[in-house]
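Student: For reference, the file data.cif (mmCIF, N, CA and C atoms) is included below:
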```cif
data_query
loop_
_atom_site.label_atom_id
_atom_site.label_comp_id
_atom_site.auth_asym_id
_atom_site.auth_seq_id
_atom_site.Cartn_x
_atom_site.Cartn_y
_atom_site.Cartn_z
N MET X 1 1.68 -15.37 0.39
CA MET X 1 2.20 -16.65 0.81
C MET X 1 2.69 -16.55 2.26
N ARG X 2 2.45 -17.59 2.99
CA ARG X 2 2.87 -17.65 4.39
C ARG X 2 4.19 -18.39 4.51
N TYR X 3 5.08 -17.82 5.29
CA TYR X 3 6.38 -18.45 5.54
C TYR X 3 6.48 -18.77 7.03
N ASN X 4 7.18 -19.85 7.33
CA ASN X 4 7.38 -20.24 8.73
C ASN X 4 8.55 -19.51 9.36
N SER X 5 9.47 -19.05 8.53
CA SER X 5 10.63 -18.30 9.03
C SER X 5 11.08 -17.32 7.96
N PHE X 6 11.80 -16.32 8.39
CA PHE X 6 12.27 -15.32 7.42
C PHE X 6 13.23 -15.92 6.41
N GLU X 7 13.91 -17.01 6.80
CA GLU X 7 14.86 -17.65 5.88
C GLU X 7 14.19 -18.23 4.65
N GLU X 8 12.89 -18.48 4.74
CA GLU X 8 12.14 -19.02 3.60
C GLU X 8 11.75 -17.94 2.59
N MET X 9 11.82 -16.68 2.99
CA MET X 9 11.40 -15.58 2.12
C MET X 9 12.43 -15.37 0.99
N PRO X 10 11.99 -15.47 -0.26
CA PRO X 10 12.92 -15.25 -1.37
C PRO X 10 13.61 -13.88 -1.31
N VAL X 11 12.89 -12.85 -0.88
CA VAL X 11 13.49 -11.52 -0.81
C VAL X 11 14.60 -11.48 0.24
N TRP X 12 14.40 -12.18 1.36
CA TRP X 12 15.46 -12.25 2.38
C TRP X 12 16.66 -13.01 1.83
N GLN X 13 16.42 -14.11 1.14
CA GLN X 13 17.51 -14.91 0.57
C GLN X 13 18.34 -14.09 -0.40
N LYS X 14 17.68 -13.30 -1.23
CA LYS X 14 18.41 -12.46 -2.19
C LYS X 14 19.15 -11.32 -1.47
N ALA X 15 18.53 -10.78 -0.43
CA ALA X 15 19.19 -9.73 0.35
C ALA X 15 20.44 -10.28 1.03
N MET X 16 20.37 -11.49 1.54
CA MET X 16 21.54 -12.12 2.16
C MET X 16 22.61 -12.40 1.11
N GLN X 17 22.19 -12.85 -0.05
CA GLN X 17 23.12 -13.07 -1.16
C GLN X 17 23.85 -11.76 -1.50
N LEU X 18 23.11 -10.66 -1.52
CA LEU X 18 23.71 -9.36 -1.80
C LEU X 18 24.72 -8.99 -0.73
N ALA X 19 24.39 -9.19 0.53
CA ALA X 19 25.31 -8.86 1.63
C ALA X 19 26.61 -9.64 1.50
N VAL X 20 26.51 -10.91 1.15
CA VAL X 20 27.70 -11.75 0.99
C VAL X 20 28.52 -11.28 -0.20
N LYS X 21 27.84 -10.95 -1.30
CA LYS X 21 28.55 -10.46 -2.50
C LYS X 21 29.28 -9.14 -2.20
N ILE X 22 28.62 -8.26 -1.47
CA ILE X 22 29.23 -6.97 -1.12
C ILE X 22 30.43 -7.19 -0.20
N PHE X 23 30.30 -8.12 0.74
CA PHE X 23 31.42 -8.41 1.63
C PHE X 23 32.63 -8.86 0.81
N LYS X 24 32.42 -9.78 -0.11
CA LYS X 24 33.53 -10.29 -0.93
C LYS X 24 34.06 -9.21 -1.86
N LEU X 25 33.17 -8.40 -2.40
CA LEU X 25 33.58 -7.33 -3.31
C LEU X 25 34.47 -6.31 -2.60
N THR X 26 34.14 -6.00 -1.36
CA THR X 26 34.87 -4.98 -0.63
C THR X 26 36.14 -5.51 0.03
N ASP X 27 36.32 -6.80 -0.01
CA ASP X 27 37.52 -7.40 0.59
C ASP X 27 38.79 -6.91 -0.09
N LYS X 28 38.68 -6.48 -1.33
CA LYS X 28 39.85 -6.03 -2.09
C LYS X 28 40.07 -4.51 -2.03
N LEU X 29 39.20 -3.82 -1.32
CA LEU X 29 39.35 -2.36 -1.24
C LEU X 29 40.60 -1.99 -0.44
N PRO X 30 41.16 -0.82 -0.73
CA PRO X 30 42.35 -0.40 0.01
C PRO X 30 42.07 -0.24 1.50
N ARG X 31 43.10 -0.46 2.31
CA ARG X 31 42.98 -0.35 3.77
C ARG X 31 42.49 1.03 4.19
N LYS X 32 42.80 2.04 3.41
CA LYS X 32 42.36 3.40 3.77
C LYS X 32 40.84 3.53 3.77
N GLU X 33 40.15 2.55 3.16
CA GLU X 33 38.69 2.57 3.12
C GLU X 33 38.05 1.75 4.24
N ASP X 34 38.85 1.14 5.11
CA ASP X 34 38.30 0.29 6.17
C ASP X 34 37.23 1.00 6.99
N TYR X 35 37.44 2.25 7.30
CA TYR X 35 36.47 2.99 8.11
C TYR X 35 35.63 3.93 7.26
N GLY X 36 35.74 3.79 5.96
CA GLY X 36 34.97 4.60 5.02
C GLY X 36 34.00 3.72 4.24
N LEU X 37 34.26 3.63 2.95
CA LEU X 37 33.36 2.90 2.07
C LEU X 37 33.16 1.45 2.49
N THR X 38 34.23 0.76 2.83
CA THR X 38 34.12 -0.66 3.19
C THR X 38 33.13 -0.86 4.32
N SER X 39 33.31 -0.11 5.38
CA SER X 39 32.44 -0.22 6.55
C SER X 39 31.00 0.18 6.21
N GLN X 40 30.83 1.27 5.49
CA GLN X 40 29.49 1.78 5.22
C GLN X 40 28.69 0.86 4.31
N ILE X 41 29.30 0.39 3.23
CA ILE X 41 28.54 -0.44 2.29
C ILE X 41 28.25 -1.81 2.89
N ARG X 42 29.18 -2.34 3.67
CA ARG X 42 28.91 -3.63 4.32
C ARG X 42 27.77 -3.50 5.32
N ARG X 43 27.79 -2.43 6.09
CA ARG X 43 26.75 -2.22 7.10
C ARG X 43 25.38 -2.04 6.45
N SER X 44 25.32 -1.22 5.41
CA SER X 44 24.02 -0.99 4.76
C SER X 44 23.52 -2.26 4.07
N ALA X 45 24.43 -3.01 3.44
CA ALA X 45 24.02 -4.25 2.76
C ALA X 45 23.50 -5.29 3.75
N LEU X 46 24.15 -5.41 4.88
CA LEU X 46 23.72 -6.38 5.89
C LEU X 46 22.41 -5.94 6.55
N SER X 47 22.19 -4.66 6.61
CA SER X 47 20.98 -4.12 7.22
C SER X 47 19.72 -4.48 6.43
N ILE X 48 19.86 -4.72 5.14
CA ILE X 48 18.70 -5.07 4.31
C ILE X 48 18.07 -6.35 4.82
N SER X 49 18.85 -7.41 4.89
CA SER X 49 18.32 -8.70 5.36
C SER X 49 17.99 -8.64 6.85
N GLY X 50 18.76 -7.89 7.61
CA GLY X 50 18.49 -7.77 9.05
C GLY X 50 17.14 -7.15 9.33
N ASN X 51 16.81 -6.10 8.61
CA ASN X 51 15.51 -5.45 8.80
C ASN X 51 14.36 -6.32 8.30
N LEU X 52 14.61 -7.08 7.23
CA LEU X 52 13.59 -8.02 6.76
C LEU X 52 13.31 -9.06 7.84
N ALA X 53 14.36 -9.59 8.44
CA ALA X 53 14.20 -10.59 9.49
C ALA X 53 13.47 -10.01 10.70
N GLU X 54 13.87 -8.81 11.09
CA GLU X 54 13.22 -8.20 12.26
C GLU X 54 11.76 -7.89 11.97
N GLY X 55 11.47 -7.41 10.77
CA GLY X 55 10.08 -7.16 10.40
C GLY X 55 9.25 -8.43 10.40
N PHE X 56 9.84 -9.51 9.92
CA PHE X 56 9.14 -10.79 9.90
C PHE X 56 8.73 -11.21 11.31
N GLY X 57 9.58 -10.90 12.28
CA GLY X 57 9.32 -11.30 13.65
C GLY X 57 8.30 -10.43 14.38
N ARG X 58 7.87 -9.36 13.75
CA ARG X 58 6.89 -8.47 14.38
C ARG X 58 5.47 -8.96 14.13
N LYS X 59 4.62 -8.75 15.11
CA LYS X 59 3.24 -9.24 15.01
C LYS X 59 2.34 -8.30 14.21
N HIS X 60 2.47 -7.03 14.46
CA HIS X 60 1.57 -6.05 13.86
C HIS X 60 2.08 -5.58 12.49
N THR X 61 1.16 -5.45 11.57
CA THR X 61 1.49 -5.07 10.20
C THR X 61 2.23 -3.74 10.15
N LYS X 62 1.81 -2.79 10.96
CA LYS X 62 2.48 -1.48 10.95
C LYS X 62 3.95 -1.62 11.34
N ASP X 63 4.23 -2.44 12.33
CA ASP X 63 5.62 -2.68 12.74
C ASP X 63 6.40 -3.37 11.63
N LYS X 64 5.78 -4.37 11.02
CA LYS X 64 6.43 -5.07 9.90
C LYS X 64 6.80 -4.07 8.80
N LEU X 65 5.83 -3.24 8.43
CA LEU X 65 6.04 -2.28 7.35
C LEU X 65 7.19 -1.32 7.67
N ASN X 66 7.26 -0.86 8.91
CA ASN X 66 8.34 0.06 9.28
C ASN X 66 9.71 -0.58 9.04
N PHE X 67 9.86 -1.85 9.40
CA PHE X 67 11.14 -2.53 9.19
C PHE X 67 11.39 -2.79 7.70
N TYR X 68 10.33 -3.09 6.96
CA TYR X 68 10.50 -3.30 5.52
C TYR X 68 10.86 -1.99 4.82
N TYR X 69 10.31 -0.88 5.29
CA TYR X 69 10.71 0.43 4.75
C TYR X 69 12.18 0.73 5.08
N ASP X 70 12.58 0.39 6.30
CA ASP X 70 13.99 0.57 6.68
C ASP X 70 14.89 -0.28 5.79
N SER X 71 14.44 -1.49 5.50
CA SER X 71 15.20 -2.38 4.62
C SER X 71 15.36 -1.74 3.23
N ARG X 72 14.29 -1.15 2.73
CA ARG X 72 14.34 -0.50 1.43
C ARG X 72 15.28 0.71 1.46
N GLY X 73 15.29 1.43 2.56
CA GLY X 73 16.22 2.54 2.70
C GLY X 73 17.66 2.07 2.68
N SER X 74 17.94 0.97 3.37
CA SER X 74 19.29 0.41 3.37
C SER X 74 19.68 -0.09 1.99
N LEU X 75 18.71 -0.60 1.25
CA LEU X 75 18.96 -1.05 -0.12
C LEU X 75 19.37 0.12 -1.00
N ALA X 76 18.66 1.24 -0.86
CA ALA X 76 19.00 2.44 -1.63
C ALA X 76 20.38 2.97 -1.23
N GLU X 77 20.67 2.93 0.06
CA GLU X 77 21.98 3.37 0.54
C GLU X 77 23.10 2.50 -0.03
N THR X 78 22.86 1.20 -0.06
CA THR X 78 23.85 0.27 -0.61
C THR X 78 24.10 0.58 -2.08
N LYS X 79 23.04 0.84 -2.82
CA LYS X 79 23.19 1.17 -4.24
C LYS X 79 24.00 2.45 -4.42
N SER X 80 23.73 3.43 -3.58
CA SER X 80 24.48 4.69 -3.65
C SER X 80 25.98 4.47 -3.40
N HIS X 81 26.29 3.66 -2.40
CA HIS X 81 27.70 3.36 -2.11
C HIS X 81 28.34 2.59 -3.27
N LEU X 82 27.57 1.70 -3.88
CA LEU X 82 28.06 0.93 -5.02
C LEU X 82 28.36 1.86 -6.21
N ILE X 83 27.49 2.81 -6.44
CA ILE X 83 27.70 3.78 -7.52
C ILE X 83 28.98 4.58 -7.26
N TYR X 84 29.14 5.04 -6.03
CA TYR X 84 30.35 5.77 -5.67
C TYR X 84 31.60 4.91 -5.92
N GLY X 85 31.58 3.68 -5.43
CA GLY X 85 32.72 2.79 -5.61
C GLY X 85 33.06 2.56 -7.07
N TYR X 86 32.02 2.50 -7.89
CA TYR X 86 32.24 2.35 -9.33
C TYR X 86 32.84 3.62 -9.93
N LYS X 87 32.32 4.76 -9.52
CA LYS X 87 32.78 6.04 -10.07
C LYS X 87 34.23 6.36 -9.70
N VAL X 88 34.68 5.89 -8.53
CA VAL X 88 36.08 6.11 -8.15
C VAL X 88 36.96 4.93 -8.58
N GLU X 89 36.37 4.04 -9.38
CA GLU X 89 37.07 2.92 -10.01
C GLU X 89 37.58 1.85 -9.04
N TYR X 90 36.84 1.67 -7.95
CA TYR X 90 37.13 0.54 -7.07
C TYR X 90 36.51 -0.74 -7.62
N PHE X 91 35.39 -0.60 -8.33
CA PHE X 91 34.66 -1.74 -8.86
C PHE X 91 34.64 -1.71 -10.38
N THR X 92 34.70 -2.89 -10.97
CA THR X 92 34.65 -2.99 -12.43
C THR X 92 33.20 -2.83 -12.91
N GLN X 93 33.06 -2.65 -14.22
CA GLN X 93 31.73 -2.56 -14.83
C GLN X 93 30.93 -3.83 -14.56
N ILE X 94 31.58 -4.97 -14.67
CA ILE X 94 30.89 -6.25 -14.44
C ILE X 94 30.44 -6.38 -12.99
N GLU X 95 31.31 -6.06 -12.04
CA GLU X 95 30.95 -6.11 -10.62
C GLU X 95 29.79 -5.17 -10.33
N PHE X 96 29.87 -3.98 -10.89
CA PHE X 96 28.84 -2.97 -10.67
C PHE X 96 27.50 -3.46 -11.23
N THR X 97 27.52 -3.95 -12.45
CA THR X 97 26.29 -4.39 -13.11
C THR X 97 25.65 -5.58 -12.40
N GLU X 98 26.46 -6.57 -12.03
CA GLU X 98 25.94 -7.75 -11.33
C GLU X 98 25.24 -7.36 -10.03
N ASN X 99 25.90 -6.51 -9.26
CA ASN X 99 25.34 -6.11 -7.97
C ASN X 99 24.15 -5.18 -8.14
N THR X 100 24.20 -4.31 -9.12
CA THR X 100 23.07 -3.41 -9.37
C THR X 100 21.84 -4.20 -9.81
N ASN X 101 22.05 -5.22 -10.64
CA ASN X 101 20.93 -6.07 -11.06
C ASN X 101 20.30 -6.78 -9.87
N LEU X 102 21.13 -7.28 -8.97
CA LEU X 102 20.60 -7.94 -7.78
C LEU X 102 19.86 -6.94 -6.90
N ILE X 103 20.39 -5.75 -6.77
CA ILE X 103 19.72 -4.70 -6.00
C ILE X 103 18.34 -4.40 -6.60
N GLU X 104 18.28 -4.28 -7.91
CA GLU X 104 17.00 -3.99 -8.57
C GLU X 104 16.00 -5.12 -8.35
N ASN X 105 16.49 -6.35 -8.36
CA ASN X 105 15.63 -7.50 -8.12
C ASN X 105 15.08 -7.48 -6.70
N VAL X 106 15.94 -7.22 -5.73
CA VAL X 106 15.50 -7.13 -4.33
C VAL X 106 14.51 -5.98 -4.17
N TRP X 107 14.79 -4.86 -4.84
CA TRP X 107 13.92 -3.68 -4.77
C TRP X 107 12.50 -4.04 -5.21
N LYS X 108 12.39 -4.74 -6.34
CA LYS X 108 11.06 -5.13 -6.86
C LYS X 108 10.35 -6.07 -5.89
N GLU X 109 11.06 -7.06 -5.38
CA GLU X 109 10.44 -8.01 -4.46
C GLU X 109 10.04 -7.34 -3.14
N LEU X 110 10.87 -6.43 -2.68
CA LEU X 110 10.57 -5.72 -1.45
C LEU X 110 9.35 -4.81 -1.64
N ASN X 111 9.27 -4.14 -2.76
CA ASN X 111 8.10 -3.30 -3.04
C ASN X 111 6.83 -4.13 -3.14
N PHE X 112 6.95 -5.31 -3.73
CA PHE X 112 5.80 -6.21 -3.82
C PHE X 112 5.35 -6.65 -2.43
N LEU X 113 6.31 -6.98 -1.58
CA LEU X 113 6.01 -7.39 -0.20
C LEU X 113 5.31 -6.25 0.54
N ILE X 114 5.83 -5.05 0.41
CA ILE X 114 5.24 -3.89 1.08
C ILE X 114 3.82 -3.63 0.56
N SER X 115 3.65 -3.68 -0.76
CA SER X 115 2.34 -3.45 -1.35
C SER X 115 1.33 -4.49 -0.90
N SER X 116 1.73 -5.74 -0.86
CA SER X 116 0.80 -6.79 -0.46
C SER X 116 0.42 -6.66 1.02
N LEU X 117 1.34 -6.23 1.85
CA LEU X 117 1.02 -6.02 3.26
C LEU X 117 0.06 -4.83 3.42
N LYS X 118 0.29 -3.79 2.66
CA LYS X 118 -0.57 -2.60 2.75
C LYS X 118 -1.99 -2.91 2.28
N GLU X 119 -2.10 -3.79 1.29
CA GLU X 119 -3.44 -4.17 0.79
C GLU X 119 -4.22 -4.95 1.82
N ASN X 120 -3.52 -5.68 2.67
CA ASN X 120 -4.19 -6.53 3.66
C ASN X 120 -4.49 -5.80 4.97
N THR X 121 -4.26 -4.51 5.02
CA THR X 121 -4.55 -3.77 6.27
C THR X 121 -5.86 -3.05 6.18
#
```
Could I get this file's structure written as structure tokens?
Tutor:
Amino acid sequence: MRYNSFEEMPVWQKAMQLAVKIFKLTDKLPRKEDYGLTSQIRRSALSISGNLAEGFGRKHTKDKLNFYYDSRGSLAETKSHLIYGYKVEYFTQIEFTENTNLIENVWKELNFLISSLKENT
């Protein structure tokens, strides 16, 4: 499917939703985490949609793929930080599950996007 802007991409929309959810989730973290978990998970979560947008703006498929791979890496990093936050009891089971489910959904859509681009090269 062809999109006129990255904002139309369902995977970007879900990635942005995840970034907003992570921002709100981390708002309650202790101040001692401002330069630790809070900063890292927010940065990695925001990087998912950012790399999708940047990839969308690239002309060549190889360039697009590189940014989409970076987006997938940031998605995995975000999940890792979320697991850590859950294990140290910063996040509840419900918060963890909701965000993990969204991460898995973005992961599947991102893999589909990457696969479809690779098939067209």
Student: If you count only C-alpha atoms, which residues fall within 12 Å of Lys62 in chain X, apart from same-chain ones fewer than 3 positions away, as a PDB file with N, CA and C atoms, keeping the file's coordinate frame?
Tutor:
```
ATOM      1  N   GLY X  55      11.470  -7.410  10.770  1.00  0.00           N
ATOM      2  CA  GLY X  55      10.080  -7.160  10.400  1.00  0.00           C
ATOM      3  C   GLY X  55       9.250  -8.430  10.400  1.00  0.00           C
ATOM      4  N   PHE X  56       9.840  -9.510   9.920  1.00  0.00           N
ATOM      5  CA  PHE X  56       9.140 -10.790   9.900  1.00  0.00           C
ATOM      6  C   PHE X  56       8.730 -11.210  11.310  1.00  0.00           C
ATOM      7  N   ARG X  58       7.870  -9.360  13.750  1.00  0.00           N
ATOM      8  CA  ARG X  58       6.890  -8.470  14.380  1.00  0.00           C
ATOM      9  C   ARG X  58       5.470  -8.960  14.130  1.00  0.00           C
ATOM     10  N   LYS X  59       4.620  -8.750  15.110  1.00  0.00           N
ATOM     11  CA  LYS X  59       3.240  -9.240  15.010  1.00  0.00           C
ATOM     12  C   LYS X  59       2.340  -8.300  14.210  1.00  0.00           C
ATOM     13  N   LEU X  65       5.830  -3.240   8.430  1.00  0.00           N
ATOM     14  CA  LEU X  65       6.040  -2.280   7.350  1.00  0.00           C
ATOM     15  C   LEU X  65       7.190  -1.320   7.670  1.00  0.00           C
ATOM     16  N   ASN X  66       7.260  -0.860   8.910  1.00  0.00           N
ATOM     17  CA  ASN X  66       8.340   0.060   9.280  1.00  0.00           C
ATOM     18  C   ASN X  66       9.710  -0.580   9.040  1.00  0.00           C
ATOM     19  N   PHE X  67       9.860  -1.850   9.400  1.00  0.00           N
ATOM     20  CA  PHE X  67      11.140  -2.530   9.190  1.00  0.00           C
ATOM     21  C   PHE X  67      11.390  -2.790   7.700  1.00  0.00           C
ATOM     22  N   TYR X  68      10.330  -3.090   6.960  1.00  0.00           N
ATOM     23  CA  TYR X  68      10.500  -3.300   5.520  1.00  0.00           C
ATOM     24  C   TYR X  68      10.860  -1.990   4.820  1.00  0.00           C
ATOM     25  N   TYR X  69      10.310  -0.880   5.290  1.00  0.00           N
ATOM     26  CA  TYR X  69      10.710   0.430   4.750  1.00  0.00           C
ATOM     27  C   TYR X  69      12.180   0.730   5.080  1.00  0.00           C
ATOM     28  N   ILE X 114       5.830  -5.050   0.410  1.00  0.00           N
ATOM     29  CA  ILE X 114       5.240  -3.890   1.080  1.00  0.00           C
ATOM     30  C   ILE X 114       3.820  -3.630   0.560  1.00  0.00           C
ATOM     31  N   LEU X 117       1.340  -6.230   1.850  1.00  0.00           N
ATOM     32  CA  LEU X 117       1.020  -6.020   3.260  1.00  0.00           C
ATOM     33  C   LEU X 117       0.060  -4.830   3.420  1.00  0.00           C
ATOM     34  N   LYS X 118       0.290  -3.790   2.660  1.00  0.00           N
ATOM     35  CA  LYS X 118      -0.570  -2.600   2.750  1.00  0.00           C
ATOM     36  C   LYS X 118      -1.990  -2.910   2.280  1.00  0.00           C
ATOM     37  N   ASN X 120      -3.520  -5.680   2.670  1.00  0.00           N
ATOM     38  CA  ASN X 120      -4.190  -6.530   3.660  1.00  0.00           C
ATOM     39  C   ASN X 120      -4.490  -5.800   4.970  1.00  0.00           C
ATOM     40  N   THR X 121      -4.260  -4.510   5.020  1.00  0.00           N
ATOM     41  CA  THR X 121      -4.550  -3.770   6.270  1.00  0.00           C
ATOM     42  C   THR X 121      -5.860  -3.050   6.180  1.00  0.00           C
TER      43      THR X 121
END
```
Student: For this file, the PyMOL selection byres ((chain X and resi 95-100) around 8) selects which residues, as number ranges by chain?
Tutor: X: 18, 21-22, 25, 79, 82-83, 85-86, 91-94, 101-106
Student: Grab the residues selected above and save them as an mmCIF file, keeping the file's coordinate frame with N, CA and C atoms.
Tutor:
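The file below, again36.cif, is the result:
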```cif
data_model
loop_
_atom_site.group_PDB
_atom_site.id
_atom_site.type_symbol
_atom_site.label_atom_id
_atom_site.label_comp_id
_atom_site.auth_asym_id
_atom_site.auth_seq_id
_atom_site.Cartn_x
_atom_site.Cartn_y
_atom_site.Cartn_z
ATOM 1 N N LEU X 18 23.110 -10.660 -1.520
ATOM 2 C CA LEU X 18 23.710 -9.360 -1.800
ATOM 3 C C LEU X 18 24.720 -8.990 -0.730
ATOM 4 N N LYS X 21 27.840 -10.950 -1.300
ATOM 5 C CA LYS X 21 28.550 -10.460 -2.500
ATOM 6 C C LYS X 21 29.280 -9.140 -2.200
ATOM 7 N N ILE X 22 28.620 -8.260 -1.470
ATOM 8 C CA ILE X 22 29.230 -6.970 -1.120
ATOM 9 C C ILE X 22 30.430 -7.190 -0.200
ATOM 10 N N LEU X 25 33.170 -8.400 -2.400
ATOM 11 C CA LEU X 25 33.580 -7.330 -3.310
ATOM 12 C C LEU X 25 34.470 -6.310 -2.600
ATOM 13 N N LYS X 79 23.040 0.840 -2.820
ATOM 14 C CA LYS X 79 23.190 1.170 -4.240
ATOM 15 C C LYS X 79 24.000 2.450 -4.420
ATOM 16 N N LEU X 82 27.570 1.700 -3.880
ATOM 17 C CA LEU X 82 28.060 0.930 -5.020
ATOM 18 C C LEU X 82 28.360 1.860 -6.210
ATOM 19 N N ILE X 83 27.490 2.810 -6.440
ATOM 20 C CA ILE X 83 27.700 3.780 -7.520
ATOM 21 C C ILE X 83 28.980 4.580 -7.260
ATOM 22 N N GLY X 85 31.580 3.680 -5.430
ATOM 23 C CA GLY X 85 32.720 2.790 -5.610
ATOM 24 C C GLY X 85 33.060 2.560 -7.070
ATOM 25 N N TYR X 86 32.020 2.500 -7.890
ATOM 26 C CA TYR X 86 32.240 2.350 -9.330
ATOM 27 C C TYR X 86 32.840 3.620 -9.930
ATOM 28 N N PHE X 91 35.390 -0.600 -8.330
ATOM 29 C CA PHE X 91 34.660 -1.740 -8.860
ATOM 30 C C PHE X 91 34.640 -1.710 -10.380
ATOM 31 N N THR X 92 34.700 -2.890 -10.970
ATOM 32 C CA THR X 92 34.650 -2.990 -12.430
ATOM 33 C C THR X 92 33.200 -2.830 -12.910
ATOM 34 N N GLN X 93 33.060 -2.650 -14.220
ATOM 35 C CA GLN X 93 31.730 -2.560 -14.830
ATOM 36 C C GLN X 93 30.930 -3.830 -14.560
ATOM 37 N N ILE X 94 31.580 -4.970 -14.670
ATOM 38 C CA ILE X 94 30.890 -6.250 -14.440
ATOM 39 C C ILE X 94 30.440 -6.380 -12.990
ATOM 40 N N ASN X 101 22.050 -5.220 -10.640
ATOM 41 C CA ASN X 101 20.930 -6.070 -11.060
ATOM 42 C C ASN X 101 20.300 -6.780 -9.870
ATOM 43 N N LEU X 102 21.130 -7.280 -8.970
ATOM 44 C CA LEU X 102 20.600 -7.940 -7.780
ATOM 45 C C LEU X 102 19.860 -6.940 -6.900
ATOM 46 N N ILE X 103 20.390 -5.750 -6.770
ATOM 47 C CA ILE X 103 19.720 -4.700 -6.000
ATOM 48 C C ILE X 103 18.340 -4.400 -6.600
ATOM 49 N N GLU X 104 18.280 -4.280 -7.910
ATOM 50 C CA GLU X 104 17.000 -3.990 -8.570
ATOM 51 C C GLU X 104 16.000 -5.120 -8.350
ATOM 52 N N ASN X 105 16.490 -6.350 -8.360
ATOM 53 C CA ASN X 105 15.630 -7.500 -8.120
ATOM 54 C C ASN X 105 15.080 -7.480 -6.700
ATOM 55 N N VAL X 106 15.940 -7.220 -5.730
ATOM 56 C CA VAL X 106 15.500 -7.130 -4.330
ATOM 57 C C VAL X 106 14.510 -5.980 -4.170
#
```
Student: What does the distance from CA of Ser80 in chain X to CA of Gly57 in chain X come to in Å, to one decimal?
Tutor: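 We find that CA of Ser80 in chain X and CA of Gly57 in chain X lie 28.0 Å from each other.
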Student: Residue by residue, what does the PyMOL selection byres ((chain X and resi 45) around 7) grab here? Present the result as a VMD selection string.
Tutor: chain X and resid 15 18 to 20 40 to 44 46 to 50 74 to 75 77 to 78
Student: Give the alpha helix (DSSP H) residues of chain X, as assigned by DSSP on the backbone, as a ChimeraX atom specification.
Tutor: /X:10-26,37-56,61-87,93-119
Student: Closest to Trp12 in chain X among X:Leu113, X:Leu52, X:Lys87, X:Leu29, using only N, CA and C atoms?
Tutor: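 The closest residue to Trp12 in chain X is X:Leu52.
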Student: Calculate how many Å separate CA of Glu7 in chain X from CA of Lys64 in chain X, rounding to one decimal.
Tutor: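 These atoms are spaced 15.7 Å apart.
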